[in-house]
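Source file: upload.cif (mmCIF, C-alpha atoms)
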```
data_run
loop_
_atom_site.label_atom_id
_atom_site.label_comp_id
_atom_site.auth_asym_id
_atom_site.auth_seq_id
_atom_site.Cartn_x
_atom_site.Cartn_y
_atom_site.Cartn_z
CA MET A 1 -37.57 64.17 41.45
CA THR A 2 -41.06 63.25 40.37
CA THR A 3 -44.15 64.03 42.42
CA GLY A 4 -45.66 61.05 44.23
CA GLN A 5 -42.69 58.69 44.03
CA PRO A 6 -41.85 56.53 47.07
CA PHE A 7 -39.35 58.01 49.52
CA ASP A 8 -35.83 56.62 49.07
CA LEU A 9 -33.69 57.25 52.16
CA GLN A 10 -30.44 56.31 50.42
CA ALA A 11 -31.19 58.62 47.47
CA ALA A 12 -31.99 61.44 49.92
CA LEU A 13 -28.66 60.92 51.72
CA GLU A 14 -26.79 60.92 48.40
CA ALA A 15 -28.58 64.14 47.36
CA LEU A 16 -27.61 65.74 50.68
CA ASP A 17 -23.96 64.72 50.33
CA ALA A 18 -23.90 66.14 46.79
CA ALA A 19 -25.60 69.38 47.90
CA LEU A 20 -23.18 69.84 50.79
CA SER A 21 -20.21 69.38 48.46
CA ALA A 22 -21.53 71.58 45.65
CA PRO A 23 -20.70 75.26 45.41
CA VAL A 24 -23.10 77.64 47.12
CA PRO A 25 -23.55 80.99 45.35
CA ALA A 26 -21.59 83.76 47.07
CA SER A 27 -23.75 86.38 45.36
CA GLY A 28 -26.55 86.75 42.88
CA PRO A 29 -30.32 86.86 42.73
CA VAL A 30 -32.68 84.16 43.99
CA THR A 31 -33.12 81.81 41.04
CA PRO A 32 -35.51 78.84 40.85
CA GLU A 33 -34.41 75.79 38.86
CA SER A 34 -36.58 73.29 37.01
CA ASP A 35 -36.01 69.70 35.96
CA PRO A 36 -35.45 69.88 32.19
CA ALA A 37 -37.36 66.65 31.58
CA THR A 38 -40.45 67.28 33.72
CA GLY A 39 -40.47 71.03 34.32
CA GLU A 40 -40.98 70.38 38.06
CA TRP A 41 -39.23 72.52 40.65
CA ALA A 42 -35.71 71.15 41.17
CA GLY A 43 -34.35 73.74 43.58
CA THR A 44 -33.68 77.39 44.25
CA ARG A 45 -30.38 79.13 44.75
CA GLY A 46 -29.51 82.55 46.05
CA GLU A 47 -26.74 84.42 47.80
CA GLY A 48 -25.36 82.02 50.43
CA PHE A 49 -27.93 79.22 50.03
CA ARG A 50 -29.31 76.37 47.98
CA LEU A 51 -32.79 74.92 48.60
CA LEU A 52 -33.73 71.58 47.07
CA PRO A 53 -36.51 69.02 47.25
CA LEU A 54 -35.61 65.58 48.58
CA TRP A 55 -39.08 64.05 48.23
CA GLN A 56 -42.45 65.23 47.05
CA GLY A 57 -45.60 63.31 47.91
CA PRO A 58 -48.67 62.92 45.72
CA TRP A 59 -51.18 65.69 45.08
CA LEU A 60 -53.82 65.70 47.81
CA SER A 61 -56.85 66.77 45.74
CA GLY A 62 -59.89 64.94 47.06
CA VAL A 63 -57.99 63.48 50.04
CA TYR A 64 -59.77 63.93 53.38
CA GLY A 65 -60.05 62.55 56.92
CA ALA A 66 -58.14 59.35 57.64
CA ASP A 67 -56.49 59.34 54.21
CA TRP A 68 -55.20 62.88 54.80
CA SER A 69 -53.89 61.91 58.23
CA ALA A 70 -52.17 58.86 56.76
CA ALA A 71 -50.48 60.97 54.06
CA GLU A 72 -49.34 63.47 56.67
CA GLU A 73 -48.01 60.72 58.97
CA GLN A 74 -46.13 59.10 56.09
CA ALA A 75 -44.47 62.41 55.14
CA GLU A 76 -43.55 63.09 58.77
CA SER A 77 -42.05 59.60 59.06
CA HIS A 78 -39.77 60.38 56.09
CA LEU A 79 -38.55 63.53 57.85
CA THR A 80 -38.14 61.71 61.17
CA GLY A 81 -36.20 58.83 59.61
CA LEU A 82 -33.83 61.10 57.69
CA THR A 83 -33.36 63.33 60.74
CA ALA A 84 -32.42 60.31 62.88
CA VAL A 85 -29.77 59.21 60.38
CA LEU A 86 -28.29 62.72 60.27
CA ASP A 87 -28.37 62.99 64.07
CA ASP A 88 -26.32 59.78 64.18
CA ARG A 89 -23.92 61.20 61.61
CA TRP A 90 -23.45 64.75 62.94
CA GLY A 91 -24.94 64.84 66.42
CA PRO A 92 -28.27 66.25 67.57
CA HIS A 93 -29.89 68.89 65.41
CA ARG A 94 -31.36 72.13 66.67
CA THR A 95 -34.79 73.36 65.69
CA VAL A 96 -35.29 76.79 64.16
CA SER A 97 -38.91 77.87 64.17
CA MET A 98 -40.51 79.46 61.13
CA ARG A 99 -43.16 81.19 63.29
CA VAL A 100 -41.66 84.68 62.87
CA PRO A 101 -41.61 84.57 59.04
CA LEU A 102 -45.14 83.13 59.11
CA PHE A 103 -46.34 85.85 61.47
CA LEU A 104 -44.65 88.66 59.52
CA THR A 105 -46.07 87.52 56.19
CA ARG A 106 -49.59 86.87 57.50
CA THR A 107 -50.21 89.66 59.99
CA GLY A 108 -47.47 92.24 59.46
CA PRO A 109 -47.78 95.47 57.52
CA ASP A 110 -48.79 95.23 53.88
CA PRO A 111 -46.47 95.09 52.11
CA HIS A 112 -44.46 93.32 54.78
CA PRO A 113 -40.79 94.19 55.23
CA PRO A 114 -38.44 91.92 53.27
CA LEU A 115 -37.20 88.91 55.18
CA PRO A 116 -33.49 88.07 55.13
CA GLU A 117 -32.51 85.14 52.95
CA PRO A 118 -33.11 82.26 52.96
CA PHE A 119 -36.23 83.05 55.01
CA GLY A 120 -37.57 85.31 52.27
CA THR A 121 -37.42 82.49 49.74
CA LEU A 122 -38.97 79.97 52.14
CA ALA A 123 -41.83 82.39 52.91
CA ALA A 124 -42.38 83.20 49.23
CA MET A 125 -42.80 79.48 48.57
CA ASP A 126 -45.12 79.08 51.60
CA TYR A 127 -42.56 76.74 53.15
CA PHE A 128 -43.14 77.38 56.84
CA GLY A 129 -42.12 73.99 58.28
CA ASP A 130 -39.72 74.32 61.22
CA LEU A 131 -36.08 73.72 60.28
CA SER A 132 -33.97 70.90 61.75
CA VAL A 133 -30.45 72.37 61.58
CA TRP A 134 -26.95 70.88 61.72
CA GLY A 135 -23.71 72.80 61.44
CA PRO A 136 -21.24 74.07 60.92
CA LEU A 137 -20.31 71.09 58.76
CA HIS A 138 -17.09 70.71 56.81
CA PRO A 139 -17.85 68.37 53.90
CA PRO A 140 -14.61 66.71 52.77
CA ALA A 141 -15.64 66.77 49.10
CA ALA A 142 -16.53 70.49 49.06
CA SER A 143 -14.70 72.47 46.42
CA ASP A 144 -14.00 75.26 48.91
CA ASP A 145 -13.12 75.54 52.58
CA VAL A 146 -16.38 77.25 53.56
CA PRO A 147 -18.41 75.57 56.33
CA ARG A 148 -21.99 74.61 55.57
CA TRP A 149 -25.20 74.47 57.60
CA LEU A 150 -27.84 71.95 56.60
CA SER A 151 -31.53 72.28 57.41
CA LEU A 152 -34.40 69.89 56.70
CA SER A 153 -38.07 70.75 56.75
CA LEU A 154 -41.41 69.32 55.72
CA ASN A 155 -43.72 71.71 53.91
CA GLN A 156 -47.14 71.75 52.34
CA PRO A 157 -47.60 75.07 50.58
CA ASP A 158 -51.25 74.78 49.60
CA GLY A 159 -54.29 72.76 50.64
CA ASP A 160 -54.10 70.22 47.81
CA ALA A 161 -50.39 70.53 46.99
CA PRO A 162 -47.98 67.69 47.71
CA MET A 163 -46.03 67.61 50.93
CA VAL A 164 -42.39 68.40 50.20
CA LEU A 165 -39.34 67.33 52.20
CA THR A 166 -36.69 69.99 51.57
CA ALA A 167 -33.01 70.50 52.29
CA LEU A 168 -31.49 73.92 52.75
CA VAL A 169 -27.71 74.31 52.51
CA THR A 170 -26.24 77.65 53.63
CA THR A 171 -22.79 79.12 54.08
CA HIS A 172 -23.88 81.01 57.17
CA PRO A 173 -25.59 79.98 60.42
CA VAL A 174 -29.35 79.46 60.33
CA GLU A 175 -30.77 81.28 63.33
CA GLU A 176 -34.35 81.94 64.35
CA LEU A 177 -35.50 85.43 63.45
CA PRO A 178 -36.23 87.73 66.40
#
```

Can I see the file as structure tokens?
Amino acid sequence: MTTGQPFDLQAALEALDAALSAPVPASGPVTPESDPATGEWAGTRGEGFRLLPLWQGPWLSGVYGADWSAAEEQAESHLTGLTAVLDDRWGPHRTVSMRVPLFLTRTGPDPHPPLPEPFGTLAAMDYFGDLSVWGPLHPPAASDDVPRWLSLSLNQPDGDAPMVLTALVTTHPVEELP
């Protein structure tokens, strides 16, 4: 996935189907992955989860006002469109707020207590967009019989960084932190 490319709904759906069918690590450390050709972030895996980018907008350096709003609206429309297709496929999603991880990492004790995964990885990446969650899902092409939960979110980790539409696949329920 290259930064700033147009959003391709069909490619995103194919990436989701592949991610849902792929093995999810049962154990092991959190490990980021890079695209060998570009060096860009291509995903992160850890015990019980895989996080991957579905789309990454352009860098927003020097973008202000109406242009910023337009970029934000475009990114949100990608999330909304993909969410609608998945709602049609699997039924209505539920929303899991990222407010607790945000609060704990911004105002909690320093150093803050470790967050359970995958919330720890999302927080470390500054990915605090609320999660749209479906599951349990039973992908027919999965190599195991373990149910999956799928979450989508839209994130912008830094003021000038691209907006990133991400997918999170887990082998355990995604529940809001207390």

List the residues matched by the PyMOL selection byres ((chain A and resi 133-144) around 7) in the displayed structure as a PDB file with C-alpha atoms, keeping the file's coordinate frame, ordered by chain and then by residue number.
```pdb
ATOM      1  CA  LEU A  20     -23.180  69.840  50.790  1.00  0.00           C
ATOM      2  CA  SER A  21     -20.210  69.380  48.460  1.00  0.00           C
ATOM      3  CA  ALA A  22     -21.530  71.580  45.650  1.00  0.00           C
ATOM      4  CA  PRO A  23     -20.700  75.260  45.410  1.00  0.00           C
ATOM      5  CA  HIS A  93     -29.890  68.890  65.410  1.00  0.00           C
ATOM      6  CA  ARG A  94     -31.360  72.130  66.670  1.00  0.00           C
ATOM      7  CA  THR A  95     -34.790  73.360  65.690  1.00  0.00           C
ATOM      8  CA  LEU A 131     -36.080  73.720  60.280  1.00  0.00           C
ATOM      9  CA  SER A 132     -33.970  70.900  61.750  1.00  0.00           C
ATOM     10  CA  ASP A 145     -13.120  75.540  52.580  1.00  0.00           C
ATOM     11  CA  VAL A 146     -16.380  77.250  53.560  1.00  0.00           C
ATOM     12  CA  PRO A 147     -18.410  75.570  56.330  1.00  0.00           C
ATOM     13  CA  ARG A 148     -21.990  74.610  55.570  1.00  0.00           C
ATOM     14  CA  TRP A 149     -25.200  74.470  57.600  1.00  0.00           C
ATOM     15  CA  LEU A 150     -27.840  71.950  56.600  1.00  0.00           C
ATOM     16  CA  SER A 151     -31.530  72.280  57.410  1.00  0.00           C
ATOM     17  CA  LEU A 152     -34.400  69.890  56.700  1.00  0.00           C
TER      18      LEU A 152
END
```

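The set of residues that the PyMOL selection byres ((chain A and resi 171) around 6) takes from this file is Gly48, Arg148, Thr170 and His172 of chain A.
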
Writer output for current selection, C-alpha atoms, as a CSV table (one decimal), keeping the file's coordinate frame:
```csv
chain,number,residue,atom,x,y,z
A,48,GLY,CA,-25.4,82.0,50.4
A,148,ARG,CA,-22.0,74.6,55.6
A,170,THR,CA,-26.2,77.6,53.6
A,172,HIS,CA,-23.9,81.0,57.2
```

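You can rank A:Leu54, A:Val30, A:Ala66, A:Val174 by their closest distance to A:Ala18 using all atoms listed in the file, and at the top of that list sits A:Leu54.
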
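Within the file as shown, the PyMOL selection byres ((chain A and resi 11-13) around 9) identifies Phe7, Asp8, Leu9, Gln10, Glu14, Ala15, Leu16, Asp17, Ala18, Leu54, Trp55, Leu82, Val85 and Leu86 of chain A.
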
Take the selection from the previous step and output its residues with C-alpha atoms, as an mmCIF file, in the frame of the given file.
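Generated file (part_17.cif):
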```cif
data_model
loop_
_atom_site.group_PDB
_atom_site.id
_atom_site.type_symbol
_atom_site.label_atom_id
_atom_site.label_comp_id
_atom_site.auth_asym_id
_atom_site.auth_seq_id
_atom_site.Cartn_x
_atom_site.Cartn_y
_atom_site.Cartn_z
ATOM 1 C CA PHE A 7 -39.350 58.010 49.520
ATOM 2 C CA ASP A 8 -35.830 56.620 49.070
ATOM 3 C CA LEU A 9 -33.690 57.250 52.160
ATOM 4 C CA GLN A 10 -30.440 56.310 50.420
ATOM 5 C CA GLU A 14 -26.790 60.920 48.400
ATOM 6 C CA ALA A 15 -28.580 64.140 47.360
ATOM 7 C CA LEU A 16 -27.610 65.740 50.680
ATOM 8 C CA ASP A 17 -23.960 64.720 50.330
ATOM 9 C CA ALA A 18 -23.900 66.140 46.790
ATOM 10 C CA LEU A 54 -35.610 65.580 48.580
ATOM 11 C CA TRP A 55 -39.080 64.050 48.230
ATOM 12 C CA LEU A 82 -33.830 61.100 57.690
ATOM 13 C CA VAL A 85 -29.770 59.210 60.380
ATOM 14 C CA LEU A 86 -28.290 62.720 60.270
#
```

Take the point (-53.6, 71.5, 43.9) as written in the file and pick out every residue within 8 Å of it, counting all atoms listed in the file; give the list as an MDAnalysis selection string. chainID A and resid 59:61 158:162

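The smallest atom-to-atom distance between A:Asp130 and any of A:Thr3, A:Asn155, A:Thr44, A:Thr38, using all atoms listed in the file, is found for A:Asn155.
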
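The space between atom CA of A:Glu47 and atom CA of A:Pro118 spans 8.5 Å.
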
Using all atoms listed in the file, which protein or nucleic acid residues come within 12 Å of A:Asp35? Drop anything in the same chain fewer than 3 positions from it, and give the result as number ranges by chain. A: 1-3, 32, 38-44, 52-53

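Take the candidates A:Pro6, A:Glu33, A:Gly129, A:Ser77 and check each one against A:Leu51 using all atoms listed in the file; the shortest distance goes to A:Glu33.
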
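Take atom CA of A:Ala71 and atom CA of A:Leu165: the distance between them is 13.0 Å.
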
Taking all listed atoms of stretch 38-57 of chain A, build the axis-aligned box, pad each of the six sides by 8 Å, then write its centre and edge lengths in Å to one decimal as AutoDock Vina command-line options.
```
--center_x -35.5 --center_y 73.9 --center_z 42.1 --size_x 36.2 --size_y 37.1 --size_z 32.7
```
